Amino acid sequence: MATKEKTEKTGDFAIFQTGGKQYMVAAGDKVKIEKIKGDHKVGDTVSFEDVLLVESGSATDIGTPFIKGAKVSAEITKIARAPKVTVIKYKAKSNYFKKRGHKQPFFEVKISSIK
């Protein structure tokens with residue numbers, strides 16, 4: 001589910017963690033992340049404090065496991081659900097058939113700054 005639009009890299013990037021996954025981002029990137037608990041709407045600003053690594057061109061900060069004081073700020077650009085995934089359970093000769101569907105919610109965020 002983690003997809004990222006390609007942008008011009010300036011050498012500055014960060015790796016942060018949210019929703020049990022890690023994302024490598026630079027300022028201006030758009031990333032699809034897992035839904036965040038709470039009331040959020042398009043246009044809200046969110047910040048991620050669980051930053052694992054910050055590369056600023058000349059220096060690299062690596063956390064153990066996180067960097068204290070580091071923060072990645074982003075703006076929510078889209079709230080949606082992924083395409084439906086169909087799950088079918090079937091057992092031959094026993095009249096057992098179950099069909100279920102699931103649409104995973106996600107947020108698309110645009111990274112505004114890395115501090």
# chains A, B, ... in the order shown; residues from 1 in each chain; ligands from 1

call {"tool": "closest_atom_pairs", "arguments": {"of": "region 65-104 of chain A", "to": "region 44-50 of chain A", "cutoff": "12 Å", "atoms": "only C-alpha atoms", "output": "Markdown table"}}
result
| residue | atom | partner | partner_atom | distance |
| --- | --- | --- | --- | --- |
| A:Pro65 | CA | A:Asp50 | CA | 8.6 |
| A:Phe66 | CA | A:Asp50 | CA | 5.8 |
| A:Ile67 | CA | A:Asp50 | CA | 7.4 |
| A:Lys68 | CA | A:Glu49 | CA | 8.3 |
| A:Gly69 | CA | A:Glu49 | CA | 7.7 |
| A:Ala70 | CA | A:Glu49 | CA | 6.4 |
| A:Lys71 | CA | A:Glu49 | CA | 4.9 |
| A:Val72 | CA | A:Phe48 | CA | 5.1 |
| A:Ser73 | CA | A:Ser47 | CA | 4.3 |
| A:Ala74 | CA | A:Val46 | CA | 5.4 |
| A:Glu75 | CA | A:Thr45 | CA | 4.4 |
| A:Ile76 | CA | A:Asp44 | CA | 5.6 |
| A:Thr77 | CA | A:Asp44 | CA | 8.3 |
| A:Lys78 | CA | A:Asp44 | CA | 10.2 |
| A:Ile79 | CA | A:Asp44 | CA | 10.9 |

call {"tool": "closest_atom_pairs", "arguments": {"of": "region 4-74 of chain A", "to": "region 101-112 of chain A", "cutoff": "12 Å", "atoms": "only C-alpha atoms", "output": "JSON lines"}}
result
{"residue": "A:Lys4", "atom": "CA", "partner": "A:Glu108", "partner_atom": "CA", "distance": 9.5}
{"residue": "A:Glu5", "atom": "CA", "partner": "A:Lys110", "partner_atom": "CA", "distance": 10.0}
{"residue": "A:Thr7", "atom": "CA", "partner": "A:Ile111", "partner_atom": "CA", "distance": 11.4}
{"residue": "A:Phe13", "atom": "CA", "partner": "A:Ile111", "partner_atom": "CA", "distance": 10.4}
{"residue": "A:Ala14", "atom": "CA", "partner": "A:Ile111", "partner_atom": "CA", "distance": 10.4}
{"residue": "A:Ile15", "atom": "CA", "partner": "A:Ile111", "partner_atom": "CA", "distance": 11.8}
{"residue": "A:Phe16", "atom": "CA", "partner": "A:Ile111", "partner_atom": "CA", "distance": 11.4}
{"residue": "A:Thr18", "atom": "CA", "partner": "A:Phe107", "partner_atom": "CA", "distance": 11.5}
{"residue": "A:Gly19", "atom": "CA", "partner": "A:Phe106", "partner_atom": "CA", "distance": 10.3}
{"residue": "A:Tyr23", "atom": "CA", "partner": "A:Ile111", "partner_atom": "CA", "distance": 11.2}
{"residue": "A:Met24", "atom": "CA", "partner": "A:Ile111", "partner_atom": "CA", "distance": 10.8}
{"residue": "A:Val25", "atom": "CA", "partner": "A:Ile111", "partner_atom": "CA", "distance": 7.4}
{"residue": "A:Ala26", "atom": "CA", "partner": "A:Ile111", "partner_atom": "CA", "distance": 7.0}
{"residue": "A:Ala27", "atom": "CA", "partner": "A:Ile111", "partner_atom": "CA", "distance": 5.2}
{"residue": "A:Gly28", "atom": "CA", "partner": "A:Ile111", "partner_atom": "CA", "distance": 5.2}
{"residue": "A:Asp29", "atom": "CA", "partner": "A:Ile111", "partner_atom": "CA", "distance": 5.5}
{"residue": "A:Lys30", "atom": "CA", "partner": "A:Lys110", "partner_atom": "CA", "distance": 4.4}
{"residue": "A:Val31", "atom": "CA", "partner": "A:Val109", "partner_atom": "CA", "distance": 5.5}
{"residue": "A:Lys32", "atom": "CA", "partner": "A:Glu108", "partner_atom": "CA", "distance": 4.3}
{"residue": "A:Ile33", "atom": "CA", "partner": "A:Phe107", "partner_atom": "CA", "distance": 5.4}
{"residue": "A:Glu34", "atom": "CA", "partner": "A:Phe106", "partner_atom": "CA", "distance": 4.9}
{"residue": "A:Lys35", "atom": "CA", "partner": "A:Phe106", "partner_atom": "CA", "distance": 4.7}
{"residue": "A:Ile36", "atom": "CA", "partner": "A:Phe107", "partner_atom": "CA", "distance": 7.8}
{"residue": "A:Lys37", "atom": "CA", "partner": "A:Phe107", "partner_atom": "CA", "distance": 11.0}
{"residue": "A:His40", "atom": "CA", "partner": "A:Phe107", "partner_atom": "CA", "distance": 9.6}
{"residue": "A:Lys41", "atom": "CA", "partner": "A:Phe107", "partner_atom": "CA", "distance": 9.6}
{"residue": "A:Val42", "atom": "CA", "partner": "A:Phe107", "partner_atom": "CA", "distance": 9.0}
{"residue": "A:Gly43", "atom": "CA", "partner": "A:Val109", "partner_atom": "CA", "distance": 9.4}
{"residue": "A:Asp44", "atom": "CA", "partner": "A:Val109", "partner_atom": "CA", "distance": 9.6}
{"residue": "A:Thr45", "atom": "CA", "partner": "A:Val109", "partner_atom": "CA", "distance": 9.0}
{"residue": "A:Val46", "atom": "CA", "partner": "A:Val109", "partner_atom": "CA", "distance": 8.7}
{"residue": "A:Ser47", "atom": "CA", "partner": "A:Ile111", "partner_atom": "CA", "distance": 9.4}
{"residue": "A:Phe48", "atom": "CA", "partner": "A:Ile111", "partner_atom": "CA", "distance": 10.4}
{"residue": "A:Lys71", "atom": "CA", "partner": "A:Ser112", "partner_atom": "CA", "distance": 10.9}
{"residue": "A:Val72", "atom": "CA", "partner": "A:Ile111", "partner_atom": "CA", "distance": 7.3}
{"residue": "A:Ser73", "atom": "CA", "partner": "A:Ser112", "partner_atom": "CA", "distance": 5.6}
{"residue": "A:Ala74", "atom": "CA", "partner": "A:Ile111", "partner_atom": "CA", "distance": 4.2}

call {"tool": "atom_distance", "arguments": {"atom1": "CA of Arg100 (chain A)", "atom2": "CA of Lys21 (chain A)"}}
result
25.4 Å

call {"tool": "atom_distance", "arguments": {"atom1": "CA of Asp12 (chain A)", "atom2": "CA of Asp61 (chain A)"}}
result
11.5 Å

call {"tool": "atom_distance", "arguments": {"atom1": "CA of Ile62 (chain A)", "atom2": "CA of Gln17 (chain A)"}}
result
13.5 Å

call {"tool": "select_by_dssp", "arguments": {"residues": "region 31-105 of chain A", "states": "strand (DSSP E)", "output": "NGL selection string"}}
result
:A and (31-34 or 45-48 or 51-56 or 60-62 or 72-81 or 85-91 or 96-102 or 105)

call {"tool": "decode", "arguments": {"residues": "chain A", "atoms": "C-alpha atoms", "output": "PDB file, in the first residue's frame"}}
result
ATOM      1  CA  MET A   1       0.000   0.000   0.000  1.00  0.00           C
ATOM      2  CA  ALA A   2       2.946   2.329   0.415  1.00  0.00           C
ATOM      3  CA  THR A   3       3.245   4.241  -2.800  1.00  0.00           C
ATOM      4  CA  LYS A   4       5.194   7.404  -3.357  1.00  0.00           C
ATOM      5  CA  GLU A   5       5.256   9.878  -6.198  1.00  0.00           C
ATOM      6  CA  LYS A   6       8.752  10.570  -7.486  1.00  0.00           C
ATOM      7  CA  THR A   7      10.051  14.104  -6.917  1.00  0.00           C
ATOM      8  CA  GLU A   8      13.399  15.757  -7.391  1.00  0.00           C
ATOM      9  CA  LYS A   9      15.717  14.720  -4.552  1.00  0.00           C
ATOM     10  CA  THR A  10      17.902  17.420  -3.014  1.00  0.00           C
ATOM     11  CA  GLY A  11      19.738  15.035  -0.710  1.00  0.00           C
ATOM     12  CA  ASP A  12      17.584  15.919   2.308  1.00  0.00           C
ATOM     13  CA  PHE A  13      15.313  13.087   3.405  1.00  0.00           C
ATOM     14  CA  ALA A  14      13.985  11.373   6.516  1.00  0.00           C
ATOM     15  CA  ILE A  15      12.694   7.966   7.499  1.00  0.00           C
ATOM     16  CA  PHE A  16       9.727   7.965   9.871  1.00  0.00           C
ATOM     17  CA  GLN A  17       7.401   5.327  11.273  1.00  0.00           C
ATOM     18  CA  THR A  18       3.615   5.324  11.422  1.00  0.00           C
ATOM     19  CA  GLY A  19       0.992   2.596  11.296  1.00  0.00           C
ATOM     20  CA  GLY A  20       3.607  -0.117  11.806  1.00  0.00           C
ATOM     21  CA  LYS A  21       5.408   0.837   8.592  1.00  0.00           C
ATOM     22  CA  GLN A  22       8.435   2.980   7.742  1.00  0.00           C
ATOM     23  CA  TYR A  23       8.522   5.596   4.990  1.00  0.00           C
ATOM     24  CA  MET A  24      11.471   7.369   3.355  1.00  0.00           C
ATOM     25  CA  VAL A  25      10.389  10.885   2.372  1.00  0.00           C
ATOM     26  CA  ALA A  26      11.722  14.251   1.270  1.00  0.00           C
ATOM     27  CA  ALA A  27       9.976  17.627   1.429  1.00  0.00           C
ATOM     28  CA  GLY A  28       7.280  17.805  -1.253  1.00  0.00           C
ATOM     29  CA  ASP A  29       6.705  14.025  -1.515  1.00  0.00           C
ATOM     30  CA  LYS A  30       3.194  12.559  -1.496  1.00  0.00           C
ATOM     31  CA  VAL A  31       2.856   9.298   0.449  1.00  0.00           C
ATOM     32  CA  LYS A  32      -0.084   6.979   1.180  1.00  0.00           C
ATOM     33  CA  ILE A  33      -0.076   6.012   4.858  1.00  0.00           C
ATOM     34  CA  GLU A  34      -2.324   4.008   7.141  1.00  0.00           C
ATOM     35  CA  LYS A  35      -5.320   5.855   8.586  1.00  0.00           C
ATOM     36  CA  ILE A  36      -4.501   7.815  11.773  1.00  0.00           C
ATOM     37  CA  LYS A  37      -6.910   7.621  14.715  1.00  0.00           C
ATOM     38  CA  GLY A  38      -8.856  10.739  15.579  1.00  0.00           C
ATOM     39  CA  ASP A  39     -10.873  13.335  13.709  1.00  0.00           C
ATOM     40  CA  HIS A  40      -8.908  14.418  10.654  1.00  0.00           C
ATOM     41  CA  LYS A  41     -10.044  16.081   7.457  1.00  0.00           C
ATOM     42  CA  VAL A  42      -8.419  17.119   4.190  1.00  0.00           C
ATOM     43  CA  GLY A  43      -6.180  20.138   4.747  1.00  0.00           C
ATOM     44  CA  ASP A  44      -5.230  19.265   8.339  1.00  0.00           C
ATOM     45  CA  THR A  45      -1.571  19.285   9.326  1.00  0.00           C
ATOM     46  CA  VAL A  46      -0.147  16.192  11.028  1.00  0.00           C
ATOM     47  CA  SER A  47       3.308  15.675  12.488  1.00  0.00           C
ATOM     48  CA  PHE A  48       5.206  12.440  12.922  1.00  0.00           C
ATOM     49  CA  GLU A  49       7.532  12.294  15.934  1.00  0.00           C
ATOM     50  CA  ASP A  50       8.837   8.740  15.409  1.00  0.00           C
ATOM     51  CA  VAL A  51      11.725   9.737  13.128  1.00  0.00           C
ATOM     52  CA  LEU A  52      14.352   7.029  12.636  1.00  0.00           C
ATOM     53  CA  LEU A  53      16.843   8.824  10.367  1.00  0.00           C
ATOM     54  CA  VAL A  54      17.433  12.334   9.005  1.00  0.00           C
ATOM     55  CA  GLU A  55      19.843  12.999   6.128  1.00  0.00           C
ATOM     56  CA  SER A  56      20.603  16.682   5.556  1.00  0.00           C
ATOM     57  CA  GLY A  57      23.186  16.491   2.798  1.00  0.00           C
ATOM     58  CA  SER A  58      26.228  17.010   5.026  1.00  0.00           C
ATOM     59  CA  ALA A  59      25.161  15.191   8.211  1.00  0.00           C
ATOM     60  CA  THR A  60      23.196  12.049   8.987  1.00  0.00           C
ATOM     61  CA  ASP A  61      21.361  11.634  12.295  1.00  0.00           C
ATOM     62  CA  ILE A  62      20.448   8.077  13.237  1.00  0.00           C
ATOM     63  CA  GLY A  63      18.091   7.376  16.125  1.00  0.00           C
ATOM     64  CA  THR A  64      18.285   4.671  18.767  1.00  0.00           C
ATOM     65  CA  PRO A  65      15.472   3.893  17.885  1.00  0.00           C
ATOM     66  CA  PHE A  66      14.090   7.446  17.404  1.00  0.00           C
ATOM     67  CA  ILE A  67      15.727  10.882  17.150  1.00  0.00           C
ATOM     68  CA  LYS A  68      14.679  13.161  20.017  1.00  0.00           C
ATOM     69  CA  GLY A  69      13.277  16.470  18.823  1.00  0.00           C
ATOM     70  CA  ALA A  70      13.050  15.428  15.166  1.00  0.00           C
ATOM     71  CA  LYS A  71       9.723  15.876  13.442  1.00  0.00           C
ATOM     72  CA  VAL A  72       8.229  15.374   9.981  1.00  0.00           C
ATOM     73  CA  SER A  73       5.288  17.672   9.209  1.00  0.00           C
ATOM     74  CA  ALA A  74       2.729  16.839   6.533  1.00  0.00           C
ATOM     75  CA  GLU A  75      -0.599  18.030   5.194  1.00  0.00           C
ATOM     76  CA  ILE A  76      -3.449  15.602   4.492  1.00  0.00           C
ATOM     77  CA  THR A  77      -4.364  15.873   0.796  1.00  0.00           C
ATOM     78  CA  LYS A  78      -6.728  12.916   0.458  1.00  0.00           C
ATOM     79  CA  ILE A  79      -8.733  10.578   2.691  1.00  0.00           C
ATOM     80  CA  ALA A  80     -10.004   7.496   0.872  1.00  0.00           C
ATOM     81  CA  ARG A  81     -10.199   3.724   0.805  1.00  0.00           C
ATOM     82  CA  ALA A  82      -8.120   1.378  -1.319  1.00  0.00           C
ATOM     83  CA  PRO A  83      -9.734  -0.838  -3.966  1.00  0.00           C
ATOM     84  CA  LYS A  84     -11.699  -3.787  -2.653  1.00  0.00           C
ATOM     85  CA  VAL A  85      -9.846  -6.986  -1.827  1.00  0.00           C
ATOM     86  CA  THR A  86     -12.049 -10.072  -2.158  1.00  0.00           C
ATOM     87  CA  VAL A  87     -11.425 -13.036   0.143  1.00  0.00           C
ATOM     88  CA  ILE A  88     -13.030 -16.369  -0.683  1.00  0.00           C
ATOM     89  CA  LYS A  89     -12.984 -19.434   1.571  1.00  0.00           C
ATOM     90  CA  TYR A  90     -14.075 -22.671  -0.070  1.00  0.00           C
ATOM     91  CA  LYS A  91     -14.008 -26.330   0.859  1.00  0.00           C
ATOM     92  CA  ALA A  92     -14.878 -28.871  -1.786  1.00  0.00           C
ATOM     93  CA  LYS A  93     -17.672 -31.428  -1.205  1.00  0.00           C
ATOM     94  CA  SER A  94     -18.756 -29.891   2.113  1.00  0.00           C
ATOM     95  CA  ASN A  95     -21.084 -27.074   1.004  1.00  0.00           C
ATOM     96  CA  TYR A  96     -18.742 -24.454   2.532  1.00  0.00           C
ATOM     97  CA  PHE A  97     -18.315 -21.133   0.725  1.00  0.00           C
ATOM     98  CA  LYS A  98     -17.699 -17.688   2.227  1.00  0.00           C
ATOM     99  CA  LYS A  99     -17.035 -14.518   0.283  1.00  0.00           C
ATOM    100  CA  ARG A 100     -15.914 -11.343   2.035  1.00  0.00           C
ATOM    101  CA  GLY A 101     -14.626  -7.989   0.821  1.00  0.00           C
ATOM    102  CA  HIS A 102     -12.476  -5.331   2.470  1.00  0.00           C
ATOM    103  CA  LYS A 103     -11.479  -1.772   1.569  1.00  0.00           C
ATOM    104  CA  GLN A 104      -8.495  -0.525   3.589  1.00  0.00           C
ATOM    105  CA  PRO A 105      -8.746   3.169   4.578  1.00  0.00           C
ATOM    106  CA  PHE A 106      -5.713   5.369   3.942  1.00  0.00           C
ATOM    107  CA  PHE A 107      -4.507   8.977   4.091  1.00  0.00           C
ATOM    108  CA  GLU A 108      -2.483  10.580   1.326  1.00  0.00           C
ATOM    109  CA  VAL A 109      -0.168  13.182   2.848  1.00  0.00           C
ATOM    110  CA  LYS A 110       2.172  15.755   1.316  1.00  0.00           C
ATOM    111  CA  ILE A 111       5.374  16.239   3.290  1.00  0.00           C
ATOM    112  CA  SER A 112       5.829  19.934   4.072  1.00  0.00           C
ATOM    113  CA  SER A 113       8.939  19.987   6.246  1.00  0.00           C
ATOM    114  CA  ILE A 114      11.559  17.858   7.977  1.00  0.00           C
ATOM    115  CA  LYS A 115      12.991  19.235  11.229  1.00  0.00           C
TER     116      LYS A 115
END
